[in-house]
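Peer 1: Got a file for you: work12.cif, mmCIF, C-alpha atoms.
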data_entry
loop_
_atom_site.label_atom_id
_atom_site.label_comp_id
_atom_site.auth_asym_id
_atom_site.auth_seq_id
_atom_site.Cartn_x
_atom_site.Cartn_y
_atom_site.Cartn_z
CA MET K 11 -3.30 -22.09 -10.04
CA VAL K 12 -4.59 -19.34 -12.35
CA ASP K 13 -8.32 -18.87 -11.75
CA ASP K 14 -11.06 -16.33 -11.25
CA THR K 15 -11.69 -16.57 -7.50
CA VAL K 16 -11.94 -13.37 -5.47
CA ARG K 17 -9.21 -13.61 -2.84
CA THR K 18 -9.18 -11.79 0.46
CA VAL K 19 -6.01 -9.85 1.26
CA ALA K 20 -5.39 -8.52 4.78
CA VAL K 21 -2.66 -5.97 5.37
CA VAL K 22 -1.30 -5.75 8.93
CA LEU K 23 -0.88 -2.12 10.03
CA PHE K 24 1.06 -1.09 13.13
CA ASP K 25 2.48 2.11 14.56
CA GLY K 26 5.54 3.04 12.49
CA PHE K 27 4.75 1.05 9.33
CA GLU K 28 6.45 2.21 6.13
CA LEU K 29 4.02 3.95 3.76
CA LEU K 30 5.12 2.53 0.42
CA ASP K 31 5.40 -1.02 1.83
CA VAL K 32 1.62 -0.87 2.20
CA PHE K 33 0.45 1.39 -0.60
CA GLY K 34 2.64 0.05 -3.39
CA PRO K 35 1.03 -3.40 -3.11
CA LEU K 36 -2.42 -1.90 -2.40
CA GLU K 37 -2.20 0.22 -5.55
CA LEU K 38 -1.79 -3.00 -7.55
CA PHE K 39 -4.31 -5.21 -5.70
CA GLY K 40 -6.80 -2.35 -5.54
CA ARG K 41 -7.04 -2.11 -9.31
CA LEU K 42 -8.50 -5.61 -9.54
CA PRO K 43 -11.39 -5.60 -7.05
CA GLN K 44 -12.95 -8.54 -8.88
CA ASP K 45 -9.88 -10.60 -7.96
CA PHE K 46 -8.66 -9.17 -4.64
CA ALA K 47 -10.68 -7.82 -1.71
CA VAL K 48 -8.31 -5.88 0.56
CA THR K 49 -8.82 -5.07 4.25
CA LEU K 50 -6.55 -3.12 6.57
CA VAL K 51 -6.21 -4.57 10.08
CA GLY K 52 -4.69 -2.73 13.02
CA PRO K 53 -4.29 -2.94 16.78
CA LYS K 54 -7.82 -1.56 16.95
CA PRO K 55 -10.19 -0.04 14.36
CA GLY K 56 -9.24 3.54 13.49
CA ALA K 57 -6.22 5.55 12.52
CA VAL K 58 -2.76 3.96 12.54
CA ARG K 59 0.28 6.22 12.25
CA SER K 60 2.93 5.44 9.63
CA PHE K 61 6.65 6.00 10.09
CA GLN K 62 6.32 9.03 7.80
CA GLY K 63 3.49 10.47 9.90
CA ALA K 64 0.47 10.02 7.64
CA GLU K 65 -2.36 8.14 9.33
CA VAL K 66 -4.37 5.40 7.68
CA VAL K 67 -7.66 3.90 8.83
CA ALA K 68 -7.69 0.25 9.93
CA THR K 69 -11.21 -1.14 9.54
CA THR K 70 -10.74 -4.22 11.73
CA SER K 71 -8.77 -5.04 14.88
CA TYR K 72 -6.22 -7.85 15.00
CA ALA K 73 -8.50 -9.67 17.44
CA ASP K 74 -11.51 -9.50 15.14
CA ALA K 75 -9.78 -10.00 11.78
CA ALA K 76 -11.00 -13.03 9.83
CA VAL K 77 -8.22 -15.23 8.47
CA PRO K 78 -7.71 -14.05 4.87
CA GLU K 79 -6.42 -16.00 1.92
CA ILE K 80 -3.42 -13.68 1.61
CA VAL K 81 -1.63 -11.99 4.54
CA MET K 82 0.65 -9.04 3.85
CA VAL K 83 2.97 -7.66 6.54
CA PRO K 84 4.81 -4.41 5.78
CA GLY K 85 8.07 -3.23 7.31
CA GLY K 86 9.12 0.06 8.79
CA LEU K 87 10.82 1.22 11.97
CA GLY K 88 7.81 0.01 13.96
CA THR K 89 9.05 -3.54 13.43
CA ARG K 90 11.95 -2.91 15.83
CA ALA K 91 9.59 -2.93 18.82
CA LEU K 92 7.16 -5.53 17.46
CA VAL K 93 9.76 -8.30 17.08
CA ALA K 94 9.83 -8.37 20.90
CA ASP K 95 6.07 -7.99 21.41
CA GLN K 96 5.02 -11.51 22.40
CA PRO K 97 1.23 -10.98 22.35
CA PHE K 98 1.50 -9.51 18.82
CA LEU K 99 3.76 -12.30 17.60
CA HIS K 100 1.52 -14.96 19.15
CA TRP K 101 -1.52 -13.48 17.38
CA LEU K 102 0.33 -13.08 14.06
CA GLY K 103 1.70 -16.62 14.14
CA ARG K 104 -1.68 -18.21 14.83
CA TRP K 105 -3.74 -15.98 12.54
CA ALA K 106 -1.39 -16.02 9.54
CA SER K 107 -0.87 -19.80 9.79
CA GLY K 108 -4.43 -20.20 8.57
CA ALA K 109 -3.86 -18.18 5.39
CA GLU K 110 -3.09 -19.76 2.02
CA ILE K 111 -0.28 -17.34 1.30
CA VAL K 112 1.78 -15.24 3.72
CA THR K 113 3.75 -12.30 2.33
CA SER K 114 5.91 -9.49 3.65
CA VAL K 115 7.54 -6.37 2.31
CA CYS K 116 10.90 -5.07 3.56
CA THR K 117 11.50 -5.72 7.29
CA GLY K 118 8.03 -7.26 7.57
CA SER K 119 9.93 -10.53 7.09
CA ALA K 120 11.58 -10.01 10.50
CA LEU K 121 8.07 -10.06 11.99
CA LEU K 122 7.12 -13.20 10.07
CA ALA K 123 10.37 -14.84 11.20
CA ALA K 124 9.93 -13.79 14.83
CA ALA K 125 6.39 -15.22 14.73
CA GLY K 126 7.77 -18.56 13.51
CA LEU K 127 6.15 -18.23 10.10
CA LEU K 128 9.37 -18.61 8.09
CA ASP K 129 10.95 -21.60 9.82
CA GLY K 130 12.17 -23.98 7.13
CA TYR K 131 11.66 -21.39 4.39
CA ARG K 132 13.92 -19.29 2.19
CA ALA K 133 13.27 -15.56 2.66
CA THR K 134 14.70 -12.10 2.11
CA SER K 135 14.37 -8.59 3.58
CA ASN K 136 15.47 -4.98 3.20
CA LYS K 137 19.16 -4.96 2.31
CA ARG K 138 20.02 -2.02 4.58
CA ALA K 139 18.45 -3.87 7.52
CA PHE K 140 19.43 -7.35 6.44
CA ALA K 141 21.94 -8.02 9.23
CA TRP K 142 19.25 -7.19 11.79
CA ALA K 143 16.31 -8.88 10.07
CA SER K 144 18.20 -12.11 9.49
CA THR K 145 18.79 -12.64 13.22
CA HIS K 146 15.12 -13.63 13.53
CA GLY K 147 13.59 -17.09 13.15
CA ASP K 148 14.98 -20.47 14.06
CA SER K 149 15.69 -22.11 10.73
CA VAL K 150 15.16 -19.48 8.07
CA GLU K 151 17.41 -19.61 5.00
CA TRP K 152 17.98 -15.88 4.54
CA VAL K 153 18.79 -14.88 0.94
CA ALA K 154 21.13 -11.88 0.84
CA SER K 155 20.62 -11.01 -2.83
CA ALA K 156 17.07 -11.14 -4.21
CA ARG K 157 14.39 -8.65 -5.25
CA TRP K 158 11.97 -11.10 -3.68
CA VAL K 159 11.90 -14.76 -2.64
CA HIS K 160 8.99 -17.09 -3.37
CA ASP K 161 9.21 -20.38 -1.46
CA ARG K 162 5.98 -22.42 -1.59
CA ASP K 163 3.33 -20.40 0.30
CA ARG K 164 5.67 -17.67 1.52
CA TRP K 165 6.63 -14.57 -0.47
CA THR K 166 9.07 -12.06 1.04
CA SER K 167 10.43 -8.97 -0.68
CA SER K 168 13.48 -6.81 -0.32
CA GLY K 169 13.13 -3.15 0.76
CA VAL K 170 10.12 -0.91 0.26
CA ALA K 171 9.82 -0.45 -3.55
CA ALA K 172 10.59 -4.16 -4.07
CA GLY K 173 7.15 -4.90 -2.62
CA MET K 174 5.53 -3.71 -5.84
CA ASP K 175 7.58 -6.10 -7.97
CA MET K 176 6.80 -8.97 -5.59
CA THR K 177 3.10 -8.15 -5.59
CA ALA K 178 3.00 -8.06 -9.38
CA ALA K 179 4.78 -11.46 -9.44
CA LEU K 180 2.27 -12.86 -6.94
CA MET K 181 -0.61 -11.53 -9.04
CA ALA K 182 0.96 -13.07 -12.15
CA HIS K 183 1.19 -16.38 -10.28
CA LEU K 184 -2.46 -16.24 -9.23
CA ILE K 185 -4.27 -14.63 -12.16
CA GLY K 186 -1.77 -14.80 -15.01
CA PRO K 187 1.12 -12.64 -16.17
CA GLU K 188 -0.90 -10.78 -18.81
CA ARG K 189 -3.31 -9.27 -16.29
CA ALA K 190 -0.54 -8.39 -13.86
CA GLN K 191 1.37 -6.65 -16.64
CA ARG K 192 -1.76 -4.80 -17.72
CA VAL K 193 -2.18 -3.36 -14.23
CA ALA K 194 1.48 -2.31 -14.13
CA ASP K 195 1.11 -0.64 -17.53
CA GLU K 196 -1.99 1.23 -16.34
CA ILE K 197 -0.04 2.76 -13.48
CA GLU K 198 3.06 3.35 -15.65
CA LEU K 199 5.16 1.14 -13.40
CA GLU K 200 8.24 -0.46 -14.93
CA LEU K 201 8.24 -3.89 -13.34
CA HIS K 202 11.20 -6.04 -12.50
CA THR K 203 10.06 -9.58 -13.23
CA ASP K 204 13.35 -11.28 -12.33
CA PRO K 205 13.42 -12.15 -8.59
CA ASP K 206 17.23 -12.33 -8.74
CA TRP K 207 17.63 -8.70 -9.91
CA ASP K 208 19.06 -6.93 -6.87
CA PRO K 209 21.53 -4.06 -7.34
CA PHE K 210 20.73 -2.92 -3.80
CA ALA K 211 22.30 -6.03 -2.27
CA ALA K 212 25.70 -4.92 -3.52
CA SER K 213 25.24 -1.26 -2.58
CA ALA K 214 24.38 -2.22 0.99
CA GLN K 215 27.66 -4.09 1.57
CA MET D 15 18.51 26.84 -5.33
CA VAL D 16 20.03 24.01 -3.26
CA ASP D 17 19.78 24.91 0.41
CA ASP D 18 18.89 23.61 3.85
CA THR D 19 15.50 25.24 4.42
CA VAL D 20 12.65 23.10 5.73
CA ARG D 21 9.92 23.34 3.12
CA THR D 22 6.23 22.77 3.73
CA VAL D 23 4.51 20.33 1.38
CA ALA D 24 0.70 20.10 1.31
CA VAL D 25 -0.96 17.18 -0.45
CA VAL D 26 -4.55 17.73 -1.59
CA LEU D 27 -6.73 14.71 -0.79
CA PHE D 28 -10.22 14.20 -2.24
CA ASP D 29 -12.69 11.38 -2.51
CA GLY D 30 -11.39 8.93 -5.11
CA PHE D 31 -7.71 9.94 -5.08
CA GLU D 32 -5.25 7.34 -6.37
CA LEU D 33 -3.22 5.75 -3.54
CA LEU D 34 0.22 5.59 -5.12
CA ASP D 35 -0.08 9.14 -6.52
CA VAL D 36 0.00 10.28 -2.89
CA PHE D 37 2.10 7.70 -1.10
CA GLY D 38 4.88 7.32 -3.65
CA PRO D 39 5.85 11.00 -3.25
CA LEU D 40 5.16 10.92 0.52
CA GLU D 41 7.44 7.94 0.95
CA LEU D 42 10.25 10.04 -0.52
CA PHE D 43 9.48 13.38 1.18
CA GLY D 44 8.78 11.61 4.46
CA ARG D 45 12.30 10.26 4.69
CA LEU D 46 13.75 13.76 4.93
CA PRO D 47 11.73 15.46 7.71
CA GLN D 48 14.56 17.95 8.20
CA ASP D 49 13.93 19.17 4.63
CA PHE D 50 10.21 18.61 4.01
CA ALA D 51 7.28 18.97 6.41
CA VAL D 52 4.26 17.26 4.85
CA THR D 53 0.60 17.88 5.65
CA LEU D 54 -2.47 16.21 4.18
CA VAL D 55 -5.39 18.53 3.46
CA GLY D 56 -8.91 17.38 2.67
CA PRO D 57 -12.46 18.67 2.26
CA LYS D 58 -12.61 18.57 6.07
CA PRO D 59 -10.32 17.09 8.75
CA GLY D 60 -10.68 13.32 9.01
CA ALA D 61 -10.76 10.25 6.79
CA VAL D 62 -10.71 10.65 3.01
CA ARG D 63 -11.50 7.62 0.88
CA SER D 64 -9.11 6.65 -1.93
CA PHE D 65 -10.17 5.16 -5.26
CA GLN D 66 -8.88 1.81 -4.00
CA GLY D 67 -10.95 2.08 -0.81
CA ALA D 68 -8.29 2.65 1.84
CA GLU D 69 -9.00 5.74 3.94
CA VAL D 70 -6.36 8.28 4.91
CA VAL D 71 -6.59 10.99 7.54
CA ALA D 72 -6.52 14.63 6.42
CA THR D 73 -5.30 16.81 9.28
CA THR D 74 -6.52 20.14 7.87
CA SER D 75 -9.47 21.30 5.79
CA TYR D 76 -9.06 23.07 2.46
CA ALA D 77 -10.53 26.19 4.07
CA ASP D 78 -8.04 26.20 6.93
CA ALA D 79 -4.92 25.04 5.08
CA ALA D 80 -2.01 27.48 5.21
CA VAL D 81 -0.41 28.18 1.85
CA PRO D 82 2.57 25.78 1.67
CA GLU D 83 5.80 26.17 -0.23
CA ILE D 84 5.02 23.09 -2.31
CA VAL D 85 1.53 22.00 -3.38
CA MET D 86 1.01 18.43 -4.60
CA VAL D 87 -2.22 17.37 -6.30
CA PRO D 88 -2.72 13.65 -7.00
CA GLY D 89 -4.91 12.09 -9.67
CA GLY D 90 -7.44 9.31 -9.56
CA LEU D 91 -11.01 8.79 -10.72
CA GLY D 92 -12.14 11.44 -8.23
CA THR D 93 -10.72 14.07 -10.58
CA ARG D 94 -13.54 13.39 -13.06
CA ALA D 95 -16.07 15.11 -10.78
CA LEU D 96 -13.70 17.73 -9.37
CA VAL D 97 -12.83 19.30 -12.74
CA ALA D 98 -16.42 20.59 -12.77
CA ASP D 99 -16.57 21.57 -9.08
CA GLN D 100 -16.31 25.35 -9.22
CA PRO D 101 -15.96 26.02 -5.46
CA PHE D 102 -13.11 23.48 -5.29
CA LEU D 103 -11.39 24.89 -8.37
CA HIS D 104 -11.77 28.44 -7.09
CA TRP D 105 -10.18 27.47 -3.76
CA LEU D 106 -7.39 25.47 -5.45
CA GLY D 107 -6.56 28.25 -7.90
CA ARG D 108 -6.32 30.93 -5.20
CA TRP D 109 -4.58 28.81 -2.57
CA ALA D 110 -2.01 27.15 -4.85
CA SER D 111 -1.16 30.46 -6.57
CA GLY D 112 0.55 31.49 -3.36
CA ALA D 113 2.88 28.49 -3.30
CA GLU D 114 6.44 28.58 -4.61
CA ILE D 115 6.04 25.31 -6.47
CA VAL D 116 2.88 23.59 -7.70
CA THR D 117 3.06 19.92 -8.62
CA SER D 118 0.70 17.18 -9.73
CA VAL D 119 0.83 13.45 -10.28
CA CYS D 120 -1.16 11.67 -13.01
CA THR D 121 -4.56 13.28 -13.71
CA GLY D 122 -3.94 15.80 -10.94
CA SER D 123 -2.72 18.00 -13.80
CA ALA D 124 -6.30 18.14 -15.12
CA LEU D 125 -7.28 19.75 -11.81
CA LEU D 126 -4.40 22.22 -11.97
CA ALA D 127 -5.37 23.08 -15.55
CA ALA D 128 -9.06 23.44 -14.73
CA ALA D 129 -8.11 25.78 -11.88
CA GLY D 130 -6.11 27.95 -14.28
CA LEU D 131 -2.78 27.03 -12.70
CA LEU D 132 -1.17 25.73 -15.89
CA ASP D 133 -2.09 28.50 -18.34
CA GLY D 134 1.03 29.38 -20.30
CA TYR D 135 2.90 26.33 -19.03
CA ARG D 136 4.07 23.04 -20.52
CA ALA D 137 2.57 20.06 -18.67
CA THR D 138 1.87 16.34 -18.91
CA SER D 139 -0.53 13.79 -17.42
CA ASN D 140 -1.40 10.08 -17.30
CA LYS D 141 -1.01 8.65 -20.82
CA ARG D 142 -4.16 6.49 -20.64
CA ALA D 143 -6.20 9.58 -19.69
CA PHE D 144 -4.23 12.07 -21.77
CA ALA D 145 -6.98 12.80 -24.31
CA TRP D 146 -9.33 13.72 -21.44
CA ALA D 147 -6.83 15.55 -19.24
CA SER D 148 -5.53 17.69 -22.10
CA THR D 149 -8.96 19.20 -22.76
CA HIS D 150 -8.52 21.30 -19.61
CA GLY D 151 -6.92 24.71 -19.28
CA ASP D 152 -6.93 27.63 -21.69
CA SER D 153 -3.36 27.82 -22.95
CA VAL D 154 -1.58 24.74 -21.64
CA GLU D 155 1.08 23.20 -23.86
CA TRP D 156 0.31 19.52 -23.20
CA VAL D 157 3.32 17.21 -23.71
CA ALA D 158 2.22 13.77 -24.94
CA SER D 159 5.50 11.98 -24.24
CA ALA D 160 7.28 12.71 -20.95
CA ARG D 161 7.83 10.95 -17.62
CA TRP D 162 7.38 14.38 -16.10
CA VAL D 163 7.51 18.03 -17.22
CA HIS D 164 9.26 20.77 -15.24
CA ASP D 165 8.42 24.26 -16.48
CA ARG D 166 9.54 27.01 -14.10
CA ASP D 167 7.46 26.63 -10.89
CA ARG D 168 5.21 23.88 -12.21
CA TRP D 169 6.03 20.17 -12.13
CA THR D 170 3.55 17.67 -13.60
CA SER D 171 4.09 13.93 -13.91
CA SER D 172 2.73 11.19 -16.07
CA GLY D 173 0.65 8.36 -14.55
CA VAL D 174 0.81 7.11 -10.95
CA ALA D 175 4.29 5.55 -10.60
CA ALA D 176 5.82 8.47 -12.54
CA GLY D 177 5.09 10.64 -9.51
CA MET D 178 7.98 9.02 -7.65
CA ASP D 179 10.46 9.85 -10.41
CA MET D 180 9.18 13.43 -10.56
CA THR D 181 9.37 13.81 -6.80
CA ALA D 182 12.95 12.54 -6.74
CA ALA D 183 13.80 15.02 -9.51
CA LEU D 184 12.18 17.84 -7.55
CA MET D 185 14.11 16.84 -4.45
CA ALA D 186 17.32 16.74 -6.48
CA HIS D 187 16.51 20.24 -7.74
CA LEU D 188 15.92 21.56 -4.23
CA ILE D 189 18.43 19.71 -2.04
CA GLY D 190 20.86 18.19 -4.51
CA PRO D 191 20.98 14.99 -6.55
CA GLU D 192 23.14 13.08 -4.07
CA ARG D 193 20.61 13.28 -1.27
CA ALA D 194 17.70 12.45 -3.56
CA GLN D 195 19.58 9.41 -4.85
CA ARG D 196 20.41 8.34 -1.30
CA VAL D 197 16.72 8.30 -0.38
CA ALA D 198 15.87 6.29 -3.50
CA ASP D 199 18.62 3.79 -2.66
CA GLU D 200 17.31 3.45 0.89
CA ILE D 201 13.91 2.42 -0.40
CA GLU D 202 15.42 0.24 -3.17
CA LEU D 203 13.72 2.32 -5.85
CA GLU D 204 15.26 2.33 -9.31
CA LEU D 205 14.80 5.92 -10.40
CA HIS D 206 14.28 7.21 -13.88
CA THR D 207 16.17 10.49 -13.97
CA ASP D 208 15.44 11.33 -17.62
CA PRO D 209 12.18 13.30 -17.91
CA ASP D 210 11.90 12.26 -21.56
CA TRP D 211 11.87 8.51 -20.78
CA ASP D 212 8.29 7.46 -21.52
CA PRO D 213 7.56 4.00 -22.92
CA PHE D 214 3.95 4.37 -21.74
CA ALA D 215 3.27 7.18 -24.19
CA ALA D 216 3.69 4.76 -27.08
CA SER D 217 1.78 1.91 -25.44
CA ALA D 218 -1.22 4.18 -24.88
CA GLN D 219 -1.60 5.06 -28.58
#
Any chance you could put this one into structure tokens?

Peer 2:
Amino acid sequence: MVDDTVRTVAVVLFDGFELLDVFGPLELFGRLPQDFAVTLVGPKPGAVRSFQGAEVVATTSYADAAVPEIVMVPGGLGTRALVADQPFLHWLGRWASGAEIVTSVCTGSALLAAAGLLDGYRATSNKRAFAWASTHGDSVEWVASARWVHDRDRWTSSGVAAGMDMTAALMAHLIGPERAQRVADEIELELHTDPDWDPFAASAQ
Amino acid sequence: MVDDTVRTVAVVLFDGFELLDVFGPLELFGRLPQDFAVTLVGPKPGAVRSFQGAEVVATTSYADAAVPEIVMVPGGLGTRALVADQPFLHWLGRWASGAEIVTSVCTGSALLAAAGLLDGYRATSNKRAFAWASTHGDSVEWVASARWVHDRDRWTSSGVAAGMDMTAALMAHLIGPERAQRVADEIELELHTDPDWDPFAASAQ
């Protein structure tokens, strides 16, 4: 699967998204513009407010967003309202179904599950919010201890910082481990490359 | 120095800033709004484009920004032009001199040095850009191997991801190590708490 195609990555912003869920992965993808073309989609074009307060500019609305090759859905406290927002979930389920790969960071997996995108898949989520996140979806096999879970065309990570490890693993899968490691070295990021490494699972019990 | 004061933190945005240099530290500060009140300052209010392309909203212009208790200057390719931008350096040097603590992530230390804010201090920078960064400043003691350097009221980190470790150390210094560790655990971030840990110094040689 390693090749030189430029892949489109669309990150789904919403009010109350968690900053590092978005910008950890974007830091990594953004260093390889010849491999990954990232767009930020939001409820409408313009500023979207994060949980932490900082506002980020969405360039495309949900309604107008082309189906990308890779979907990335962050978590954050904003997910608590969105898991009950039927128009959002209906859009997400239809739109993301057309992507080659659907990913989430942290409680973004609750949104994927609520949109029906994880039925029949193994998946994980933030360990502090695991009891809540894992109530979503009809037939999701929730994994309580994992830095991230890769099951066919779905990649879901544990909380916040775990999104960077998952993204590096996804990049390694798509363009080779050497290039993914090179990007991590450039940004002085010590990667965890073992998806089963999860000290935070125990600490959350 | 551990106390319960709310401290103001101002992050200096500029065209071509590095995403994770800003949002790693903001993820941490933003989880303790009772301790840290963060503002984003830019050339003018409105969107500022990162090196990776994503745009972030500055709420205050450089000219109008109140002097905060903590200044944070990120790095990124945009620093290459700014180290020669005398009006910017003049503003930064005057404005940041009034802060209690001045910090930088990655090549942000080149901007601090060029503005005269590191003269007589020990400091570090991104290890891949160290030869360039360390040409700035008149009497800076540049440290070639360090995750971050804390010298009195100046904190400077190594490249990109190192900014999160430095920020957690600064938070530990100001509000106690237990609370800093709790925030890191919440976001499933494995902290490096030893400022001398620096495998990237060797790999950059």

Peer 1: Could you list as a PyMOL selection string every residue that has an atom within 12 Å of (-15.1, 23.6, -10.8), using the file's coordinates and counting only C-alpha atoms?

Peer 2: chain D and resi 93-107+124-130+150-151

Peer 1: Starting from the displayed file, determine the output of the PyMOL selection byres ((chain K and resi 111) around 10) and express the residue list as a PyMOL selection string.

Peer 2: chain K and resi 19+78-82+106-110+112-113+162-165+180

Peer 1: Find the residue from D:Leu40, D:Ala24, D:Ala182, D:Val55 that sits nearest to chain K; use all atoms listed in the file when measuring.

Peer 2: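 Smallest separation from chain K among the options: D:Leu40.
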
Peer 1: Write down, as a list in words, each residue of chain D that has any atom within 7 Å of an atom of chain K, counting all atoms listed in the file.

Peer 2: Leu33, Leu34, Phe37, Gly38, Glu41, Gly44, Arg45, Gln66, Glu69, Val70, Val71, Gly173, Val174, Ala175, Ala176, Ile201, Glu202, Leu203 and Phe214 of chain D

Peer 1: So which residues get picked by the PyMOL selection byres ((chain D and resi 78) around 10) here, written as a PyMOL selection string?

Peer 2: chain D and resi 55-59+74-77+79-81

Peer 1: Rounded to one decimal in Å, what is the spacing between CA of Asp133 in chain D and CA of Gly89 in chain D?

Peer 2: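 Value for the CA of Asp133 in chain D-CA of Gly89 in chain D distance: 18.8 Å.
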
Peer 1: Can you tell me how far CA of Asp175 in chain K sits from CA of Pro209 in chain D, in Å to one decimal?

Peer 2: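 Calculated distance between CA of Asp175 in chain K and CA of Pro209 in chain D is 22.3 Å.
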
Peer 1: Compare K:Ser155, K:Leu201, K:Met174, K:Thr166 by their minimum atom-to-atom distance to Ala133 in chain K, counting all atoms listed in the file, and give me the closest one.

Peer 2: K:Thr166

Peer 1: Selected by the PyMOL selection byres ((chain K and resi 153) around 10) in the shown coordinates: which residues, as an MDAnalysis selection string?

Peer 2: chainID K and resid 132:135 140 144 150:152 154:159 168

Peer 1: Take CA of Met185 in chain D and CA of Trp207 in chain K and report the distance between them in Å, one decimal.

Peer 2: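 CA of Trp207 in chain K lies at a distance of 26.4 Å from CA of Met185 in chain D.
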
Peer 1: Which is closer to Ala182 in chain K than all the others in K:Gly88, K:Asp45, K:Arg104, K:Phe27, using all atoms listed in the file?

Peer 2: K:Asp45

Peer 1: Find, counting only C-alpha atoms, the residue in D:Ser171, D:Thr121, D:Val197, D:Gly134 that gets nearest to Ser153 in chain D.

Peer 2: D:Gly134

Peer 1: Of the candidates K:Ala143, K:Ala190, K:Val22, K:Ala179, which one gets nearest to Trp105 in chain K if we count all atoms listed in the file?

Peer 2: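 Of all the options, K:Val22 lies closest to Trp105 in chain K.
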